[in-house]
Amino acid sequence: MTADLKGYNKARVRPQVDDDNLLLGYIKWRYNLKNDLQVGDFLITSPAEISRLRRGSKGLSHRMIIVIYDRTDLSIEQIRELYKGE
């Protein structure tokens with residue numbers, strides 16, 4: 001991973017995040033968001049959409065990749081890596 005993600009430690013986020021979704025965990029950690037409602041507001045989407053992403057019942061859409069790219073410091077490659085759990 002690139003230097004932008006060096007400060008992100010999965011173990012540091014795990015107590016605050018009840019799943020293994022690295023992408024959502026990183027966004028929560030990096031932008032100091034406390035729950036899916038805040039993540040949804042930050043990403044301009046509904047908490048239900050965030051929940052579907054977290055559970056894996058819905059894949060990461062092109063629209064969501066662009067929104068995350070626009071709203072965060074992540075590149076598209078980093079977004080895909082984190083979503084896949086790499």
# chains A, B, ... in the order shown; residues from 1 in each chain; ligands from 1
>>> residues_around(residues="range 72-74 of chain A", least_positions_apart="5", cutoff="10 Å", atoms="only C-alpha atoms", output="compact mmCIF listing (two decimals) with N, CA and C atoms, in the first residue's frame")
# COMPACT_ATOMS: atom_id res chain seq x y z
N THR A 2 0.32 2.33 -0.36
CA THR A 2 1.09 3.55 -0.49
C THR A 2 1.26 4.24 0.86
N ASP A 4 0.10 6.95 1.90
CA ASP A 4 -1.13 7.55 2.44
C ASP A 4 -1.81 6.64 3.45
N LEU A 5 -1.62 5.34 3.33
CA LEU A 5 -2.30 4.39 4.20
C LEU A 5 -1.40 3.88 5.32
N LEU A 23 -12.12 -0.97 3.71
CA LEU A 23 -12.44 0.32 3.09
C LEU A 23 -13.28 1.18 4.03
N TYR A 26 -11.27 2.09 7.12
CA TYR A 26 -10.32 3.17 6.86
C TYR A 26 -11.02 4.52 6.82
N ILE A 27 -12.14 4.60 6.13
CA ILE A 27 -12.86 5.88 6.03
C ILE A 27 -13.32 6.33 7.41
N ARG A 30 -10.02 7.43 9.27
CA ARG A 30 -9.36 8.61 8.70
C ARG A 30 -10.16 9.89 8.91
N TYR A 31 -11.47 9.79 8.85
CA TYR A 31 -12.32 10.98 8.94
C TYR A 31 -13.08 11.05 10.26
N PHE A 42 -21.23 11.32 4.98
CA PHE A 42 -19.94 11.72 4.41
C PHE A 42 -19.83 11.32 2.94
N LEU A 43 -20.35 10.13 2.62
CA LEU A 43 -20.26 9.62 1.25
C LEU A 43 -21.51 9.93 0.41
N ILE A 65 -17.38 4.24 -6.08
CA ILE A 65 -15.93 4.42 -6.22
C ILE A 65 -15.61 5.88 -6.49
N ILE A 66 -16.36 6.52 -7.38
CA ILE A 66 -16.11 7.92 -7.71
C ILE A 66 -16.41 8.83 -6.51
N VAL A 67 -17.49 8.55 -5.79
CA VAL A 67 -17.82 9.36 -4.61
C VAL A 67 -16.71 9.23 -3.57
N ILE A 79 -8.80 2.38 -3.26
CA ILE A 79 -10.19 2.05 -2.93
C ILE A 79 -10.45 0.59 -3.25
N ARG A 80 -10.03 0.15 -4.41
CA ARG A 80 -10.25 -1.26 -4.82
C ARG A 80 -9.48 -2.21 -3.92
N LEU A 82 -8.52 -1.77 -0.75
CA LEU A 82 -9.15 -1.82 0.56
C LEU A 82 -10.47 -2.57 0.51
>>> residues_around(residues="Arg54 in chain A", least_positions_apart="3", cutoff="12 Å", atoms="only C-alpha atoms", output="PyMOL selection string")
chain A and resi 17-25+35-36+39-40+47-51+57-60+83-85
>>> write_last_selection(atoms="C-alpha atoms", output="PDB file, in the first residue's frame")
ATOM      1  CA  VAL A  17     -15.615  -1.627  13.572  1.00  0.00           C
ATOM      2  CA  ASP A  18     -17.598  -4.853  13.873  1.00  0.00           C
ATOM      3  CA  ASP A  19     -16.585  -6.224  10.478  1.00  0.00           C
ATOM      4  CA  ASP A  20     -13.569  -6.825   8.296  1.00  0.00           C
ATOM      5  CA  ASN A  21     -14.417  -4.223   5.650  1.00  0.00           C
ATOM      6  CA  LEU A  22     -11.100  -2.395   5.388  1.00  0.00           C
ATOM      7  CA  LEU A  23     -12.442   0.319   3.092  1.00  0.00           C
ATOM      8  CA  LEU A  24     -15.229   1.405   5.425  1.00  0.00           C
ATOM      9  CA  GLY A  25     -12.954   0.925   8.437  1.00  0.00           C
ATOM     10  CA  ASN A  35     -21.201   5.022  12.725  1.00  0.00           C
ATOM     11  CA  ASP A  36     -22.786   4.102   9.403  1.00  0.00           C
ATOM     12  CA  VAL A  39     -20.282   7.381   6.886  1.00  0.00           C
ATOM     13  CA  GLY A  40     -23.412   7.577   4.726  1.00  0.00           C
ATOM     14  CA  PRO A  47     -26.883   4.122   5.839  1.00  0.00           C
ATOM     15  CA  ALA A  48     -28.676   1.171   4.192  1.00  0.00           C
ATOM     16  CA  GLU A  49     -26.287   1.399   1.231  1.00  0.00           C
ATOM     17  CA  ILE A  50     -23.334   1.422   3.645  1.00  0.00           C
ATOM     18  CA  SER A  51     -24.787  -1.610   5.432  1.00  0.00           C
ATOM     19  CA  SER A  57     -24.558  -8.163  -0.300  1.00  0.00           C
ATOM     20  CA  LYS A  58     -23.888  -5.386  -2.792  1.00  0.00           C
ATOM     21  CA  GLY A  59     -20.655  -4.825  -4.636  1.00  0.00           C
ATOM     22  CA  LEU A  60     -18.838  -1.539  -4.892  1.00  0.00           C
ATOM     23  CA  TYR A  83     -12.514  -3.077  -0.649  1.00  0.00           C
ATOM     24  CA  LYS A  84     -10.972  -6.427  -1.596  1.00  0.00           C
ATOM     25  CA  GLY A  85      -9.262  -6.543   1.784  1.00  0.00           C
TER      26      GLY A  85
END
>>> decode(residues="range 24-71 of chain A", atoms="N, CA and C atoms", output="mmCIF file, in the first residue's frame")
data_model
loop_
_atom_site.group_PDB
_atom_site.id
_atom_site.type_symbol
_atom_site.label_atom_id
_atom_site.label_comp_id
_atom_site.auth_asym_id
_atom_site.auth_seq_id
_atom_site.Cartn_x
_atom_site.Cartn_y
_atom_site.Cartn_z
ATOM 1 N N LEU A 24 -14.379 0.627 4.523
ATOM 2 C CA LEU A 24 -15.229 1.405 5.425
ATOM 3 C C LEU A 24 -14.517 1.674 6.750
ATOM 4 N N GLY A 25 -13.734 0.714 7.215
ATOM 5 C CA GLY A 25 -12.954 0.925 8.437
ATOM 6 C C GLY A 25 -11.953 2.055 8.275
ATOM 7 N N TYR A 26 -11.273 2.094 7.125
ATOM 8 C CA TYR A 26 -10.315 3.172 6.863
ATOM 9 C C TYR A 26 -11.020 4.524 6.823
ATOM 10 N N ILE A 27 -12.136 4.603 6.134
ATOM 11 C CA ILE A 27 -12.865 5.876 6.030
ATOM 12 C C ILE A 27 -13.325 6.334 7.407
ATOM 13 N N LYS A 28 -13.846 5.407 8.211
ATOM 14 C CA LYS A 28 -14.265 5.770 9.569
ATOM 15 C C LYS A 28 -13.075 6.278 10.382
ATOM 16 N N TRP A 29 -11.960 5.576 10.302
ATOM 17 C CA TRP A 29 -10.766 5.957 11.057
ATOM 18 C C TRP A 29 -10.201 7.302 10.579
ATOM 19 N N ARG A 30 -10.024 7.429 9.272
ATOM 20 C CA ARG A 30 -9.357 8.609 8.704
ATOM 21 C C ARG A 30 -10.156 9.894 8.912
ATOM 22 N N TYR A 31 -11.474 9.792 8.853
ATOM 23 C CA TYR A 31 -12.317 10.985 8.940
ATOM 24 C C TYR A 31 -13.076 11.053 10.261
ATOM 25 N N ASN A 32 -12.654 10.231 11.228
ATOM 26 C CA ASN A 32 -13.188 10.256 12.589
ATOM 27 C C ASN A 32 -14.716 10.161 12.606
ATOM 28 N N LEU A 33 -15.234 9.194 11.871
ATOM 29 C CA LEU A 33 -16.678 8.972 11.812
ATOM 30 C C LEU A 33 -17.028 7.854 12.786
ATOM 31 N N LYS A 34 -18.153 7.956 13.427
ATOM 32 C CA LYS A 34 -18.486 7.032 14.505
ATOM 33 C C LYS A 34 -19.415 5.893 14.108
ATOM 34 N N ASN A 35 -20.223 6.057 13.062
ATOM 35 C CA ASN A 35 -21.201 5.022 12.725
ATOM 36 C C ASN A 35 -21.563 5.100 11.242
ATOM 37 N N ASP A 36 -22.404 4.157 10.818
ATOM 38 C CA ASP A 36 -22.786 4.102 9.403
ATOM 39 C C ASP A 36 -23.592 5.320 8.960
ATOM 40 N N LEU A 37 -24.330 5.917 9.867
ATOM 41 C CA LEU A 37 -25.065 7.136 9.527
ATOM 42 C C LEU A 37 -24.092 8.246 9.121
ATOM 43 N N GLN A 38 -23.031 8.427 9.900
ATOM 44 C CA GLN A 38 -22.037 9.446 9.574
ATOM 45 C C GLN A 38 -21.270 9.089 8.300
ATOM 46 N N VAL A 39 -20.964 7.810 8.120
ATOM 47 C CA VAL A 39 -20.282 7.381 6.886
ATOM 48 C C VAL A 39 -21.181 7.650 5.683
ATOM 49 N N GLY A 40 -22.460 7.323 5.808
ATOM 50 C CA GLY A 40 -23.412 7.577 4.726
ATOM 51 C C GLY A 40 -23.522 9.055 4.396
ATOM 52 N N ASP A 41 -23.606 9.894 5.430
ATOM 53 C CA ASP A 41 -23.647 11.344 5.201
ATOM 54 C C ASP A 41 -22.371 11.815 4.514
ATOM 55 N N PHE A 42 -21.231 11.325 4.977
ATOM 56 C CA PHE A 42 -19.942 11.725 4.409
ATOM 57 C C PHE A 42 -19.832 11.320 2.938
ATOM 58 N N LEU A 43 -20.349 10.134 2.619
ATOM 59 C CA LEU A 43 -20.259 9.619 1.249
ATOM 60 C C LEU A 43 -21.506 9.925 0.415
ATOM 61 N N ILE A 44 -22.383 10.746 0.962
ATOM 62 C CA ILE A 44 -23.585 11.191 0.269
ATOM 63 C C ILE A 44 -24.420 9.993 -0.194
ATOM 64 N N THR A 45 -24.676 9.092 0.727
ATOM 65 C CA THR A 45 -25.497 7.921 0.445
ATOM 66 C C THR A 45 -26.227 7.518 1.720
ATOM 67 N N SER A 46 -27.090 6.549 1.622
ATOM 68 C CA SER A 46 -27.893 6.152 2.782
ATOM 69 C C SER A 46 -27.134 5.166 3.664
ATOM 70 N N PRO A 47 -27.480 5.122 4.953
ATOM 71 C CA PRO A 47 -26.883 4.122 5.839
ATOM 72 C C PRO A 47 -27.189 2.695 5.359
ATOM 73 N N ALA A 48 -28.339 2.493 4.723
ATOM 74 C CA ALA A 48 -28.676 1.171 4.192
ATOM 75 C C ALA A 48 -27.683 0.749 3.110
ATOM 76 N N GLU A 49 -27.286 1.684 2.274
ATOM 77 C CA GLU A 49 -26.287 1.399 1.231
ATOM 78 C C GLU A 49 -24.954 1.014 1.873
ATOM 79 N N ILE A 50 -24.574 1.728 2.920
ATOM 80 C CA ILE A 50 -23.334 1.422 3.645
ATOM 81 C C ILE A 50 -23.432 0.024 4.264
ATOM 82 N N SER A 51 -24.573 -0.293 4.829
ATOM 83 C CA SER A 51 -24.787 -1.610 5.432
ATOM 84 C C SER A 51 -24.662 -2.722 4.393
ATOM 85 N N ARG A 52 -25.212 -2.509 3.205
ATOM 86 C CA ARG A 52 -25.108 -3.514 2.135
ATOM 87 C C ARG A 52 -23.650 -3.699 1.709
ATOM 88 N N LEU A 53 -22.902 -2.597 1.640
ATOM 89 C CA LEU A 53 -21.475 -2.703 1.315
ATOM 90 C C LEU A 53 -20.739 -3.464 2.410
ATOM 91 N N ARG A 54 -21.044 -3.163 3.645
ATOM 92 C CA ARG A 54 -20.381 -3.785 4.788
ATOM 93 C C ARG A 54 -20.634 -5.298 4.808
ATOM 94 N N ARG A 55 -21.861 -5.698 4.549
ATOM 95 C CA ARG A 55 -22.226 -7.132 4.557
ATOM 96 C C ARG A 55 -21.750 -7.857 3.313
ATOM 97 N N GLY A 56 -21.447 -7.107 2.271
ATOM 98 C CA GLY A 56 -21.033 -7.725 1.023
ATOM 99 C C GLY A 56 -22.189 -8.170 0.146
ATOM 100 N N SER A 57 -23.408 -7.772 0.513
ATOM 101 C CA SER A 57 -24.558 -8.163 -0.300
ATOM 102 C C SER A 57 -24.676 -7.313 -1.554
ATOM 103 N N LYS A 58 -23.932 -6.236 -1.601
ATOM 104 C CA LYS A 58 -23.888 -5.386 -2.792
ATOM 105 C C LYS A 58 -22.430 -5.035 -3.055
ATOM 106 N N GLY A 59 -22.024 -5.157 -4.290
ATOM 107 C CA GLY A 59 -20.655 -4.825 -4.636
ATOM 108 C C GLY A 59 -20.440 -3.319 -4.670
ATOM 109 N N LEU A 60 -19.211 -2.941 -4.822
ATOM 110 C CA LEU A 60 -18.838 -1.539 -4.892
ATOM 111 C C LEU A 60 -19.135 -1.015 -6.295
ATOM 112 N N SER A 61 -20.120 -0.135 -6.409
ATOM 113 C CA SER A 61 -20.522 0.381 -7.722
ATOM 114 C C SER A 61 -19.530 1.417 -8.229
ATOM 115 N N HIS A 62 -19.594 1.668 -9.519
ATOM 116 C CA HIS A 62 -18.738 2.703 -10.119
ATOM 117 C C HIS A 62 -19.041 4.055 -9.493
ATOM 118 N N ARG A 63 -20.315 4.316 -9.264
ATOM 119 C CA ARG A 63 -20.715 5.579 -8.641
ATOM 120 C C ARG A 63 -20.085 5.737 -7.262
ATOM 121 N N MET A 64 -20.114 4.655 -6.450
ATOM 122 C CA MET A 64 -19.561 4.726 -5.107
ATOM 123 C C MET A 64 -18.046 4.894 -5.140
ATOM 124 N N ILE A 65 -17.384 4.243 -6.085
ATOM 125 C CA ILE A 65 -15.933 4.420 -6.224
ATOM 126 C C ILE A 65 -15.614 5.881 -6.489
ATOM 127 N N ILE A 66 -16.362 6.517 -7.379
ATOM 128 C CA ILE A 66 -16.113 7.919 -7.705
ATOM 129 C C ILE A 66 -16.407 8.825 -6.512
ATOM 130 N N VAL A 67 -17.487 8.549 -5.794
ATOM 131 C CA VAL A 67 -17.820 9.360 -4.608
ATOM 132 C C VAL A 67 -16.710 9.232 -3.569
ATOM 133 N N ILE A 68 -16.253 8.013 -3.306
ATOM 134 C CA ILE A 68 -15.178 7.814 -2.328
ATOM 135 C C ILE A 68 -13.912 8.512 -2.801
ATOM 136 N N TYR A 69 -13.601 8.404 -4.079
ATOM 137 C CA TYR A 69 -12.433 9.086 -4.649
ATOM 138 C C TYR A 69 -12.532 10.599 -4.449
ATOM 139 N N ASP A 70 -13.704 11.155 -4.719
ATOM 140 C CA ASP A 70 -13.901 12.605 -4.591
ATOM 141 C C ASP A 70 -13.875 13.081 -3.139
ATOM 142 N N ARG A 71 -14.383 12.282 -2.224
ATOM 143 C CA ARG A 71 -14.549 12.714 -0.829
ATOM 144 C C ARG A 71 -13.374 12.349 0.079
#
